[in-house]
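J.: Following this line is coords-v8.cif, made up of mmCIF, C-alpha atoms:
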data_structure
loop_
_atom_site.label_atom_id
_atom_site.label_comp_id
_atom_site.auth_asym_id
_atom_site.auth_seq_id
_atom_site.Cartn_x
_atom_site.Cartn_y
_atom_site.Cartn_z
CA MET B 14 33.11 35.64 17.31
CA PRO B 15 33.53 34.88 21.00
CA ALA B 16 30.24 34.52 22.74
CA GLY B 17 28.91 36.55 25.63
CA ASP B 18 31.00 39.18 27.37
CA VAL B 19 34.30 37.29 27.17
CA ALA B 20 36.97 39.52 25.67
CA PRO B 21 38.78 38.01 22.67
CA LEU B 22 42.21 36.58 23.34
CA LEU B 23 43.08 37.08 19.67
CA GLU B 24 41.35 39.38 17.22
CA VAL B 25 42.44 39.50 13.60
CA ASP B 26 40.85 42.54 12.00
CA GLU B 27 40.89 43.13 8.23
CA LEU B 28 44.35 41.59 7.88
CA THR B 29 46.00 41.92 4.46
CA VAL B 30 49.39 40.35 3.72
CA ARG B 31 51.06 41.24 0.42
CA LEU B 32 53.78 39.16 -1.22
CA ALA B 33 56.14 40.75 -3.74
CA PRO B 34 58.07 38.04 -5.62
CA ARG B 35 61.45 39.12 -6.94
CA HIS B 36 60.35 38.16 -10.43
CA GLY B 37 56.66 38.91 -10.65
CA VAL B 38 53.81 41.17 -9.65
CA ALA B 39 52.92 41.83 -6.00
CA PHE B 40 49.65 40.27 -4.80
CA ASP B 41 47.58 39.93 -1.64
CA ALA B 42 48.04 36.37 -0.40
CA VAL B 43 45.77 37.18 2.56
CA HIS B 44 43.09 39.79 1.91
CA ARG B 45 41.01 41.50 4.61
CA VAL B 46 40.72 38.44 6.83
CA SER B 47 38.90 38.89 10.15
CA PHE B 48 38.13 36.51 13.02
CA ALA B 49 38.34 36.37 16.79
CA LEU B 50 39.27 33.69 19.30
CA ALA B 51 38.28 33.61 22.97
CA PRO B 52 40.23 31.95 25.81
CA GLY B 53 39.51 28.22 25.84
CA GLN B 54 38.01 28.30 22.33
CA THR B 55 39.14 26.34 19.28
CA PHE B 56 38.91 28.19 15.97
CA CYS B 57 39.61 26.24 12.78
CA LEU B 58 40.82 27.74 9.51
CA VAL B 59 39.87 25.38 6.70
CA GLY B 60 40.33 25.38 2.93
CA GLU B 61 42.36 23.89 0.10
CA SER B 62 46.13 24.27 -0.11
CA GLY B 63 47.15 27.74 -1.24
CA CYS B 64 44.20 29.54 0.37
CA GLY B 65 46.30 31.55 2.82
CA LYS B 66 45.67 29.61 6.03
CA SER B 67 49.29 29.05 7.03
CA LEU B 68 50.35 32.57 6.03
CA THR B 69 47.64 33.96 8.31
CA ALA B 70 49.13 32.04 11.25
CA LEU B 71 52.67 33.10 10.35
CA ALA B 72 51.53 36.74 10.20
CA ILE B 73 50.27 36.48 13.79
CA LEU B 74 53.78 35.58 14.92
CA GLY B 75 55.56 37.98 12.59
CA LEU B 76 57.11 35.12 10.62
CA ILE B 77 56.08 36.23 7.14
CA PRO B 78 58.65 35.39 4.42
CA ASP B 79 61.07 38.13 3.40
CA ILE B 80 59.08 38.86 0.24
CA GLY B 81 55.94 39.64 2.25
CA ARG B 82 54.61 42.30 4.59
CA ILE B 83 51.41 43.27 6.38
CA VAL B 84 49.94 46.20 4.45
CA SER B 85 46.77 46.76 6.49
CA GLY B 86 44.73 45.44 9.39
CA ARG B 87 45.37 44.64 13.02
CA ILE B 88 46.34 41.54 15.01
CA LEU B 89 45.24 42.23 18.57
CA PHE B 90 46.61 39.76 21.10
CA ALA B 91 45.69 40.47 24.71
CA GLY B 92 45.34 44.14 23.79
CA GLN B 93 48.67 44.39 21.91
CA ASP B 94 48.73 44.98 18.15
CA LEU B 95 51.21 42.44 16.83
CA ALA B 96 50.84 43.75 13.27
CA GLY B 97 52.78 46.85 14.22
CA ALA B 98 55.05 45.31 16.86
CA SER B 99 58.83 45.44 16.61
CA GLU B 100 60.90 42.30 16.20
CA ALA B 101 62.12 42.66 19.79
CA ALA B 102 58.53 42.80 21.05
CA LEU B 103 57.53 39.79 18.95
CA ARG B 104 60.41 37.72 20.38
CA THR B 105 58.91 38.16 23.86
CA VAL B 106 55.60 36.75 22.57
CA ARG B 107 56.75 33.88 20.34
CA GLY B 108 57.19 30.67 22.27
CA ARG B 109 56.30 32.30 25.56
CA ARG B 110 52.73 33.58 25.25
CA ILE B 111 51.96 32.09 21.83
CA GLY B 112 53.16 28.60 20.96
CA MET B 113 53.16 27.10 17.48
CA VAL B 114 53.11 23.53 16.20
CA PHE B 115 54.45 23.59 12.66
CA GLN B 116 53.26 21.39 9.83
CA GLU B 117 56.26 19.08 9.39
CA PRO B 118 58.24 18.26 12.54
CA MET B 119 61.11 16.60 10.67
CA THR B 120 62.00 19.91 9.01
CA SER B 121 61.08 22.06 12.04
CA LEU B 122 63.36 20.20 14.48
CA ASN B 123 67.13 20.64 14.25
CA PRO B 124 68.49 17.27 13.02
CA VAL B 125 71.86 17.62 14.82
CA LEU B 126 70.53 18.45 18.30
CA ARG B 127 68.93 16.10 20.80
CA VAL B 128 65.19 16.71 21.09
CA GLY B 129 65.43 17.26 24.85
CA ASP B 130 67.96 20.05 24.38
CA GLN B 131 65.75 21.70 21.76
CA VAL B 132 62.75 21.81 24.09
CA ALA B 133 64.88 22.87 27.07
CA GLU B 134 66.31 25.76 25.04
CA VAL B 135 62.87 27.42 24.89
CA MET B 136 62.68 27.63 28.67
CA GLU B 137 66.31 28.67 29.00
CA TYR B 138 65.66 31.59 26.65
CA HIS B 139 62.29 32.80 27.91
CA TRP B 140 62.46 31.85 31.59
CA ARG B 141 66.24 32.15 32.06
CA MET B 142 66.11 28.63 33.48
CA GLY B 143 69.29 26.62 34.03
CA HIS B 144 69.94 23.77 31.60
CA ARG B 145 69.58 20.98 34.16
CA GLU B 146 66.30 22.41 35.50
CA ALA B 147 65.03 22.88 31.95
CA LEU B 148 65.79 19.24 31.12
CA GLN B 149 63.84 18.10 34.18
CA ARG B 150 60.92 20.25 33.06
CA THR B 151 61.26 18.74 29.56
CA ILE B 152 60.92 15.23 30.97
CA GLU B 153 57.66 16.28 32.63
CA LEU B 154 56.45 17.87 29.39
CA PHE B 155 57.27 14.69 27.46
CA ARG B 156 55.28 12.72 30.02
CA GLN B 157 52.32 15.10 29.66
CA VAL B 158 52.23 14.72 25.88
CA GLY B 159 52.43 10.95 26.04
CA ILE B 160 56.03 10.24 25.06
CA PRO B 161 57.02 6.89 26.63
CA SER B 162 60.24 6.63 28.67
CA PRO B 163 60.69 10.43 28.54
CA ASP B 164 64.02 10.38 30.40
CA ILE B 165 65.44 8.16 27.66
CA ARG B 166 63.76 9.83 24.67
CA LEU B 167 65.19 13.11 25.91
CA ARG B 168 68.56 12.08 24.45
CA ASP B 169 67.24 11.00 21.03
CA TYR B 170 67.81 12.87 17.78
CA PRO B 171 64.77 13.63 15.56
CA HIS B 172 65.58 10.88 13.06
CA GLN B 173 65.40 8.30 15.86
CA LEU B 174 61.74 9.07 16.55
CA SER B 175 58.61 8.12 14.64
CA GLY B 176 56.51 10.82 12.99
CA GLY B 177 53.98 10.69 15.82
CA LEU B 178 56.65 11.06 18.50
CA ARG B 179 58.30 13.94 16.62
CA GLN B 180 54.95 15.72 16.54
CA ARG B 181 54.57 15.16 20.29
CA VAL B 182 58.01 16.72 20.78
CA MET B 183 56.84 19.74 18.77
CA ILE B 184 53.73 20.02 20.95
CA ALA B 185 55.86 19.78 24.10
CA MET B 186 58.08 22.57 22.74
CA ALA B 187 55.04 24.73 21.96
CA LEU B 188 53.67 24.19 25.50
CA ALA B 189 57.00 24.62 27.29
CA CYS B 190 56.36 28.16 28.55
CA ASP B 191 52.64 27.71 29.30
CA PRO B 192 51.33 29.86 26.42
CA VAL B 193 47.81 31.25 26.46
CA LEU B 194 47.41 30.73 22.70
CA LEU B 195 48.48 27.77 20.58
CA LEU B 196 48.68 27.82 16.78
CA ALA B 197 48.69 24.38 15.14
CA ASP B 198 49.35 24.22 11.39
CA GLU B 199 48.17 20.90 9.93
CA PRO B 200 49.53 19.04 12.97
CA THR B 201 48.48 15.60 11.70
CA THR B 202 49.91 15.79 8.16
CA ALA B 203 51.63 12.55 7.04
CA LEU B 204 50.52 10.65 10.17
CA ASP B 205 48.41 7.51 9.99
CA VAL B 206 44.78 7.70 11.09
CA THR B 207 45.32 6.22 14.55
CA ILE B 208 48.18 8.60 15.36
CA GLN B 209 46.18 11.53 13.93
CA GLY B 210 43.41 10.80 16.42
CA GLN B 211 45.88 10.63 19.29
CA ILE B 212 47.50 13.96 18.38
CA LEU B 213 44.13 15.72 18.05
CA THR B 214 42.97 14.30 21.37
CA LEU B 215 46.21 15.48 22.94
CA LEU B 216 45.76 19.02 21.58
CA ARG B 217 42.17 19.14 22.80
CA GLU B 218 43.06 17.88 26.27
CA GLN B 219 45.99 20.26 26.67
CA ALA B 220 43.90 23.22 25.53
CA GLN B 221 41.13 22.34 28.00
CA GLN B 222 43.47 21.68 30.91
CA ARG B 223 45.44 24.89 30.35
CA GLY B 224 42.53 27.11 29.27
CA MET B 225 44.37 28.01 26.07
CA GLY B 226 42.91 29.40 22.90
CA LEU B 227 43.66 27.06 19.96
CA LEU B 228 43.90 28.17 16.34
CA LEU B 229 43.90 24.99 14.25
CA ILE B 230 44.70 25.02 10.54
CA THR B 231 43.48 22.07 8.51
CA HIS B 232 41.98 20.99 5.20
CA ASP B 233 40.22 18.02 6.84
CA LEU B 234 36.55 18.60 7.66
CA GLY B 235 36.56 15.55 9.90
CA VAL B 236 39.13 17.31 12.07
CA VAL B 237 37.00 20.46 12.04
CA ALA B 238 33.89 18.55 13.12
CA SER B 239 35.70 16.93 16.05
CA MET B 240 37.69 19.95 17.25
CA ALA B 241 36.15 23.32 16.35
CA ASP B 242 33.96 25.69 18.29
CA ALA B 243 34.04 28.13 15.37
CA VAL B 244 35.25 27.90 11.77
CA GLY B 245 36.60 30.20 9.10
CA VAL B 246 36.55 28.93 5.50
CA MET B 247 39.26 30.47 3.33
CA TYR B 248 39.50 30.59 -0.45
CA ALA B 249 42.19 32.35 -2.51
CA GLY B 250 43.30 34.41 0.49
CA ARG B 251 39.77 35.50 1.45
CA MET B 252 37.55 34.43 4.34
CA VAL B 253 34.43 33.37 2.43
CA GLU B 254 32.45 32.05 5.40
CA ARG B 255 32.70 32.28 9.17
CA ALA B 256 30.35 30.62 11.64
CA SER B 257 30.10 28.43 14.69
CA ALA B 258 30.92 24.81 13.91
CA ALA B 259 27.35 23.78 14.73
CA ASP B 260 25.87 26.33 12.31
CA LEU B 261 28.38 25.58 9.58
CA PHE B 262 27.75 21.84 9.52
CA ALA B 263 24.00 22.24 9.96
CA CYS B 264 23.66 24.71 7.09
CA PRO B 265 26.75 25.70 5.06
CA LEU B 266 26.00 28.92 3.16
CA HIS B 267 28.83 29.44 0.68
CA PRO B 268 28.93 27.18 -2.41
CA TYR B 269 32.62 26.52 -1.71
CA THR B 270 31.86 25.32 1.82
CA ARG B 271 29.12 23.05 0.48
CA GLY B 272 31.52 21.72 -2.14
CA LEU B 273 34.11 20.88 0.51
CA MET B 274 31.50 19.02 2.55
CA GLN B 275 30.11 17.12 -0.41
CA SER B 276 33.58 15.94 -1.42
CA ALA B 277 34.39 14.59 2.06
CA PRO B 278 33.93 10.83 2.56
CA THR B 279 31.13 9.86 4.96
CA LEU B 280 29.60 6.57 6.08
CA ASP B 281 26.47 7.14 3.99
CA ARG B 282 28.59 7.42 0.83
CA LEU B 283 30.47 4.14 1.10
CA ASP B 284 28.57 2.70 -1.86
CA GLN B 285 29.62 5.56 -4.17
CA ALA B 286 32.30 4.60 -6.66
CA ARG B 287 33.48 8.20 -6.87
CA LEU B 288 33.02 11.12 -4.49
CA PRO B 289 31.79 14.46 -5.84
CA ALA B 290 34.61 16.91 -6.49
CA ILE B 291 34.87 20.68 -6.91
CA ALA B 292 35.75 21.36 -10.53
CA GLY B 293 38.97 23.23 -11.31
CA SER B 294 41.50 24.47 -8.79
CA VAL B 295 42.33 27.49 -6.63
CA PRO B 296 43.36 30.35 -8.97
CA THR B 297 46.97 31.45 -9.01
CA PRO B 298 47.64 35.00 -7.75
CA GLY B 299 48.36 36.31 -11.24
CA GLU B 300 45.20 34.83 -12.74
CA LEU B 301 42.44 35.87 -10.35
CA PRO B 302 39.07 35.86 -12.13
CA GLU B 303 36.85 38.91 -12.44
CA GLY B 304 34.24 39.26 -9.73
CA CYS B 305 33.79 36.43 -7.25
CA LEU B 306 37.02 34.43 -7.08
CA PHE B 307 35.08 31.16 -6.80
CA ARG B 308 32.88 31.96 -9.82
CA PRO B 309 34.69 29.76 -12.42
CA ARG B 310 34.22 26.70 -10.18
CA CYS B 311 30.72 27.50 -8.90
CA ALA B 312 27.62 25.75 -10.30
CA GLU B 313 25.40 28.47 -8.78
CA ALA B 314 27.15 31.48 -10.33
CA ASP B 315 25.06 34.07 -12.22
CA GLU B 316 25.61 37.55 -13.68
CA ARG B 317 25.91 39.13 -10.22
CA CYS B 318 29.05 37.10 -9.64
CA LEU B 319 30.92 39.16 -12.24
CA ARG B 320 31.22 41.72 -9.40
CA ARG B 321 33.10 41.05 -6.16
CA PRO B 322 30.59 39.84 -3.54
CA PRO B 323 29.92 41.82 -0.36
CA ARG B 324 30.53 40.48 3.11
CA VAL B 325 27.08 39.60 4.44
CA ARG B 326 26.28 39.17 8.13
CA LEU B 327 23.43 36.82 8.98
CA GLY B 328 22.97 36.76 12.74
CA CYS B 329 26.22 35.51 14.27
CA ARG B 330 27.76 34.34 11.00
CA GLU B 331 29.23 35.95 7.90
CA VAL B 332 29.45 34.88 4.27
CA CYS B 333 30.87 36.51 1.13
CA CYS B 334 28.35 35.55 -1.53
CA TRP B 335 25.69 37.28 -3.64
CA LEU B 336 23.28 34.39 -2.98
CA HIS B 337 22.64 35.73 0.53
CA ALA B 338 22.89 39.48 -0.02
CA GLN B 339 19.10 39.86 -0.34
CA ALA B 340 18.12 37.61 2.57
CA PRO B 341 15.58 39.27 4.94
CA SER B 342 18.03 39.31 7.86
CA ALA B 343 21.11 40.17 5.76
CA GLN B 344 23.35 43.03 6.83
CA ILE B 345 26.01 44.17 4.37
CA VAL B 346 29.17 44.59 6.44
CA ALA B 347 31.66 45.56 3.71
CA GLY B 348 32.62 45.09 0.11
CA ASP B 349 35.89 43.57 -1.10
#
Please render this file's structure as structure tokens.
T.:
Amino acid sequence: MPAGDVAPLLEVDELTVRLAPRHGVAFDAVHRVSFALAPGQTFCLVGESGCGKSLTALAILGLIPDIGRIVSGRILFAGQDLAGASEAALRTVRGRRIGMVFQEPMTSLNPVLRVGDQVAEVMEYHWRMGHREALQRTIELFRQVGIPSPDIRLRDYPHQLSGGLRQRVMIAMALACDPVLLLADEPTTALDVTIQGQILTLLREQAQQRGMGLLLITHDLGVVASMADAVGVMYAGRMVERASAADLFACPLHPYTRGLMQSAPTLDRLDQARLPAIAGSVPTPGELPEGCLFRPRCAEADERCLRRPPRVRLGCREVCCWLHAQAPSAQIVAGD
């Protein structure tokens, strides 16, 4: 949670998103997820694929797929509840006050439009700016995000740019209207390590210079360690642990968090032929186990885990696990 008396820029409170496939049973893809983000803070959502991270970000912007809907909870952004906002109200927020960098720029950019025109269009729509003025502003944005020869690249199509440059175009588009909150969904996917570092540095610098809140979605704990002020660990649509980055890396509480950390390569494990791995996989929505959803993969599970674990608050952090429910400082916040 944001420290001190600073009011949250974004507060997601008990958010539940239900998907109803046309051929199948409805299920909660995001279940009672809560976190808050202060201005200038970076909050990372981390977890394996299929844990609900991206859907959480899409729910903030009202971009849930047609088969889904928010069934409960609030998404408070600068005092406005986006969970109950109309489409017209959301259009005034998307791109203007909240920017988003999507996971794959090649599919997010229109392949038949020049990249400069695509970025300029954002300012033409939200700021009613003329096309020529918007293109001049786009050149400056390209320069800010490190695109070389921005006045020339302005006229390129997406396929003419490298993956790293396409991602920089996406960041420029997200920053075009000076948003106060930036959502970045796996922004370094499919980029080589050097370019990944450059993109992350760019996001950090832009957030600091602009005083933006940054919600960063990733499965890479190295990214979390280098970027996050606070972290939420998601598993099967649930937030199983939430803490400051310093507390999380110093002492991870949930067995799933510890498993993620143990399976990450580090310099002191270079002599290991094989890294430890978490057994099994994330359960499918139609095959959720009884009790704790992580129980079938957890080496520390016992008979208590046949019941859904409570949400336990320990100081400034929270964890959903029976292992900590009886700790001296534990406060039971809620059940599942």
J.: Tell me which of B:Pro78, B:Pro34, B:Pro200, B:Pro268 sits closest to Ala312 in chain B, counting all atoms listed in the file.
T.: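 Among the listed residues, B:Pro268 lies closest to Ala312 in chain B.
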J.: Env of Ile88 in chain B: 7 Å cut, atoms = only C-alpha atoms, seq-sep filter 6 positions within chain, self excluded. Answer as number ranges by chain.
T.: B: 24-26, 73, 94-96
J.: To one decimal place in Å, what is the distance between CA of Asp164 in chain B and CA of Val106 in chain B?
T.: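 Separation of CA of Asp164 in chain B and CA of Val106 in chain B: 28.8 Å.
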J.: Using all atoms listed in the file, can you tell me which of B:Val295, B:Ala238, B:Leu32, B:Leu306 comes closest to Arg82 in chain B?
T.: B:Leu32
J.: If you measure from CA of Ile80 in chain B to CA of Ala33 in chain B, what distance in Å do you get, rounded to one decimal?
T.: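 Separating CA of Ile80 in chain B from CA of Ala33 in chain B is a distance of 5.3 Å.
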J.: Which residues would end up in the selection if the PyMOL selection byres ((chain B and resi 226) around 9) were applied here, given that I need the answer as a PyMOL selection string?
T.: chain B and resi 22-23+50-56+193-196+220-221+224-225+227-228
J.: Have a look at B:Leu174, B:Asp130, B:Gly328, B:Gly210 and name the one nearest to Asp260 in chain B; count all atoms listed in the file.
T.: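 The answer is B:Gly328, which sits nearest to Asp260 in chain B.
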J.: Restricting the calculation to only C-alpha atoms: of B:Gly299, B:Gly60, B:Gly250, B:Gly129, which residue gets closest to Asp169 in chain B?
T.: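 So, comparing all the options, the nearest one is B:Gly129.
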J.: Ranking B:Leu288, B:Ile212, B:Ala343, B:Ile184 by minimum distance to Val128 in chain B and counting only C-alpha atoms, which one comes first?
T.: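 Closest candidate: B:Ile184.
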J.: Output the residue selection produced by the PyMOL selection byres ((chain B and resi 271) around 12) on the file above, formatted as a ChimeraX atom specification.
T.: /B:60,234,246,253-254,261-270,272-277,289-291,311-313
J.: Which residue out of B:Gly81, B:Val19, B:Ala70, B:Asp205 has the minimum interatomic distance to Ala39 in chain B when all atoms listed in the file are used?
T.: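 Of the candidates, the smallest distance to Ala39 in chain B is held by B:Gly81.
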J.: For the file shown, what are the residues hit by the PyMOL selection byres ((chain B and resi 252) around 12), laid out as a VMD selection string?
T.: chain B and resid 25 to 29 42 to 48 57 to 60 64 to 66 69 244 to 251 253 to 256 267 269 to 270 306 to 307 322 to 325 330 to 334 349
J.: Within 9 Å of Pro118 in chain B, counting only C-alpha atoms, which residues show up once you throw out same-chain ones fewer than 2 positions away? Write them as a count of residues only, please.
T.: 13
J.: Can you measure CA of Leu154 in chain B to CA of Leu68 in chain B for me? One decimal in Å is fine.
T.: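 Pair CA of Leu154 in chain B / CA of Leu68 in chain B returns 28.3 Å.
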J.: Using the file's own x, y and z axes, so that the box edges lie along x, y and z, what centre and edge lengths in Å (one decimal) does a box around every listed atom of range 318-329 of chain B get when 6 Å is added on each side? Give it as lines of an AutoDock Vina configuration file.
T.:
center_x = 28.0
center_y = 38.7
center_z = 1.0
size_x = 22.1
size_y = 18.3
size_z = 38.5
J.: Assuming the input is short of atoms at range 297-307 of chain B, produce all heavy atoms for that part as a PDB file, in the coordinates of the input.
T.:
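Final file, part.pdb:
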ATOM      1  N   THR B 297      45.663  30.917  -9.369  1.00  0.00           N
ATOM      2  CA  THR B 297      46.970  31.450  -9.010  1.00  0.00           C
ATOM      3  C   THR B 297      46.859  32.959  -8.833  1.00  0.00           C
ATOM      4  O   THR B 297      45.962  33.600  -9.408  1.00  0.00           O
ATOM      5  CB  THR B 297      48.011  31.139 -10.096  1.00  0.00           C
ATOM      6  OG1 THR B 297      47.581  31.733 -11.330  1.00  0.00           O
ATOM      7  CG2 THR B 297      48.164  29.641 -10.290  1.00  0.00           C
ATOM      8  N   PRO B 298      47.751  33.563  -8.044  1.00  0.00           N
ATOM      9  CA  PRO B 298      47.640  35.000  -7.750  1.00  0.00           C
ATOM     10  C   PRO B 298      47.610  35.884  -8.985  1.00  0.00           C
ATOM     11  O   PRO B 298      46.935  36.909  -9.009  1.00  0.00           O
ATOM     12  CB  PRO B 298      48.886  35.270  -6.910  1.00  0.00           C
ATOM     13  CG  PRO B 298      49.207  33.964  -6.267  1.00  0.00           C
ATOM     14  CD  PRO B 298      48.839  32.927  -7.271  1.00  0.00           C
ATOM     15  N   GLY B 299      48.322  35.488 -10.038  1.00  0.00           N
ATOM     16  CA  GLY B 299      48.360  36.310 -11.240  1.00  0.00           C
ATOM     17  C   GLY B 299      47.197  36.089 -12.179  1.00  0.00           C
ATOM     18  O   GLY B 299      47.102  36.757 -13.210  1.00  0.00           O
ATOM     19  N   GLU B 300      46.312  35.160 -11.850  1.00  0.00           N
ATOM     20  CA  GLU B 300      45.200  34.830 -12.740  1.00  0.00           C
ATOM     21  C   GLU B 300      43.874  34.821 -11.986  1.00  0.00           C
ATOM     22  O   GLU B 300      43.028  33.961 -12.201  1.00  0.00           O
ATOM     23  CB  GLU B 300      45.443  33.465 -13.402  1.00  0.00           C
ATOM     24  CG  GLU B 300      46.708  33.417 -14.259  1.00  0.00           C
ATOM     25  CD  GLU B 300      46.955  32.038 -14.846  1.00  0.00           C
ATOM     26  OE1 GLU B 300      46.274  31.082 -14.424  1.00  0.00           O
ATOM     27  OE2 GLU B 300      47.827  31.913 -15.723  1.00  0.00           O
ATOM     28  N   LEU B 301      43.695  35.788 -11.099  1.00  0.00           N
ATOM     29  CA  LEU B 301      42.440  35.870 -10.350  1.00  0.00           C
ATOM     30  C   LEU B 301      41.310  36.251 -11.296  1.00  0.00           C
ATOM     31  O   LEU B 301      41.445  37.183 -12.098  1.00  0.00           O
ATOM     32  CB  LEU B 301      42.553  36.896  -9.230  1.00  0.00           C
ATOM     33  CG  LEU B 301      43.548  36.579  -8.107  1.00  0.00           C
ATOM     34  CD1 LEU B 301      43.552  37.694  -7.078  1.00  0.00           C
ATOM     35  CD2 LEU B 301      43.226  35.245  -7.443  1.00  0.00           C
ATOM     36  N   PRO B 302      40.181  35.558 -11.220  1.00  0.00           N
ATOM     37  CA  PRO B 302      39.070  35.860 -12.130  1.00  0.00           C
ATOM     38  C   PRO B 302      38.384  37.173 -11.763  1.00  0.00           C
ATOM     39  O   PRO B 302      38.502  37.672 -10.629  1.00  0.00           O
ATOM     40  CB  PRO B 302      38.119  34.676 -11.917  1.00  0.00           C
ATOM     41  CG  PRO B 302      38.412  34.204 -10.530  1.00  0.00           C
ATOM     42  CD  PRO B 302      39.891  34.419 -10.334  1.00  0.00           C
ATOM     43  N   GLU B 303      37.646  37.707 -12.691  1.00  0.00           N
ATOM     44  CA  GLU B 303      36.850  38.910 -12.440  1.00  0.00           C
ATOM     45  C   GLU B 303      35.703  38.556 -11.499  1.00  0.00           C
ATOM     46  O   GLU B 303      35.124  37.474 -11.569  1.00  0.00           O
ATOM     47  CB  GLU B 303      36.310  39.439 -13.763  1.00  0.00           C
ATOM     48  CG  GLU B 303      35.475  40.707 -13.641  1.00  0.00           C
ATOM     49  CD  GLU B 303      34.899  41.157 -14.969  1.00  0.00           C
ATOM     50  OE1 GLU B 303      35.164  40.467 -15.985  1.00  0.00           O
ATOM     51  OE2 GLU B 303      34.186  42.169 -14.990  1.00  0.00           O
ATOM     52  N   GLY B 304      35.378  39.479 -10.621  1.00  0.00           N
ATOM     53  CA  GLY B 304      34.240  39.260  -9.730  1.00  0.00           C
ATOM     54  C   GLY B 304      34.556  38.282  -8.617  1.00  0.00           C
ATOM     55  O   GLY B 304      35.649  38.299  -8.044  1.00  0.00           O
ATOM     56  N   CYS B 305      33.602  37.430  -8.294  1.00  0.00           N
ATOM     57  CA  CYS B 305      33.790  36.430  -7.250  1.00  0.00           C
ATOM     58  C   CYS B 305      34.913  35.476  -7.642  1.00  0.00           C
ATOM     59  O   CYS B 305      34.910  34.919  -8.750  1.00  0.00           O
ATOM     60  CB  CYS B 305      32.492  35.661  -7.019  1.00  0.00           C
ATOM     61  SG  CYS B 305      32.660  34.291  -5.848  1.00  0.00           S
ATOM     62  N   LEU B 306      35.860  35.278  -6.758  1.00  0.00           N
ATOM     63  CA  LEU B 306      37.020  34.430  -7.080  1.00  0.00           C
ATOM     64  C   LEU B 306      36.633  32.965  -7.245  1.00  0.00           C
ATOM     65  O   LEU B 306      37.352  32.211  -7.905  1.00  0.00           O
ATOM     66  CB  LEU B 306      38.081  34.579  -5.993  1.00  0.00           C
ATOM     67  CG  LEU B 306      38.630  35.990  -5.780  1.00  0.00           C
ATOM     68  CD1 LEU B 306      39.753  35.977  -4.760  1.00  0.00           C
ATOM     69  CD2 LEU B 306      39.121  36.587  -7.108  1.00  0.00           C
ATOM     70  N   PHE B 307      35.518  32.551  -6.679  1.00  0.00           N
ATOM     71  CA  PHE B 307      35.080  31.160  -6.800  1.00  0.00           C
ATOM     72  C   PHE B 307      34.186  30.946  -8.024  1.00  0.00           C
ATOM     73  O   PHE B 307      33.848  29.823  -8.358  1.00  0.00           O
ATOM     74  CB  PHE B 307      34.336  30.736  -5.526  1.00  0.00           C
ATOM     75  CG  PHE B 307      33.994  29.265  -5.470  1.00  0.00           C
ATOM     76  CD1 PHE B 307      34.991  28.299  -5.499  1.00  0.00           C
ATOM     77  CD2 PHE B 307      32.674  28.855  -5.395  1.00  0.00           C
ATOM     78  CE1 PHE B 307      34.682  26.940  -5.450  1.00  0.00           C
ATOM     79  CE2 PHE B 307      32.349  27.495  -5.334  1.00  0.00           C
ATOM     80  CZ  PHE B 307      33.359  26.538  -5.363  1.00  0.00           C
TER      81      PHE B 307
END
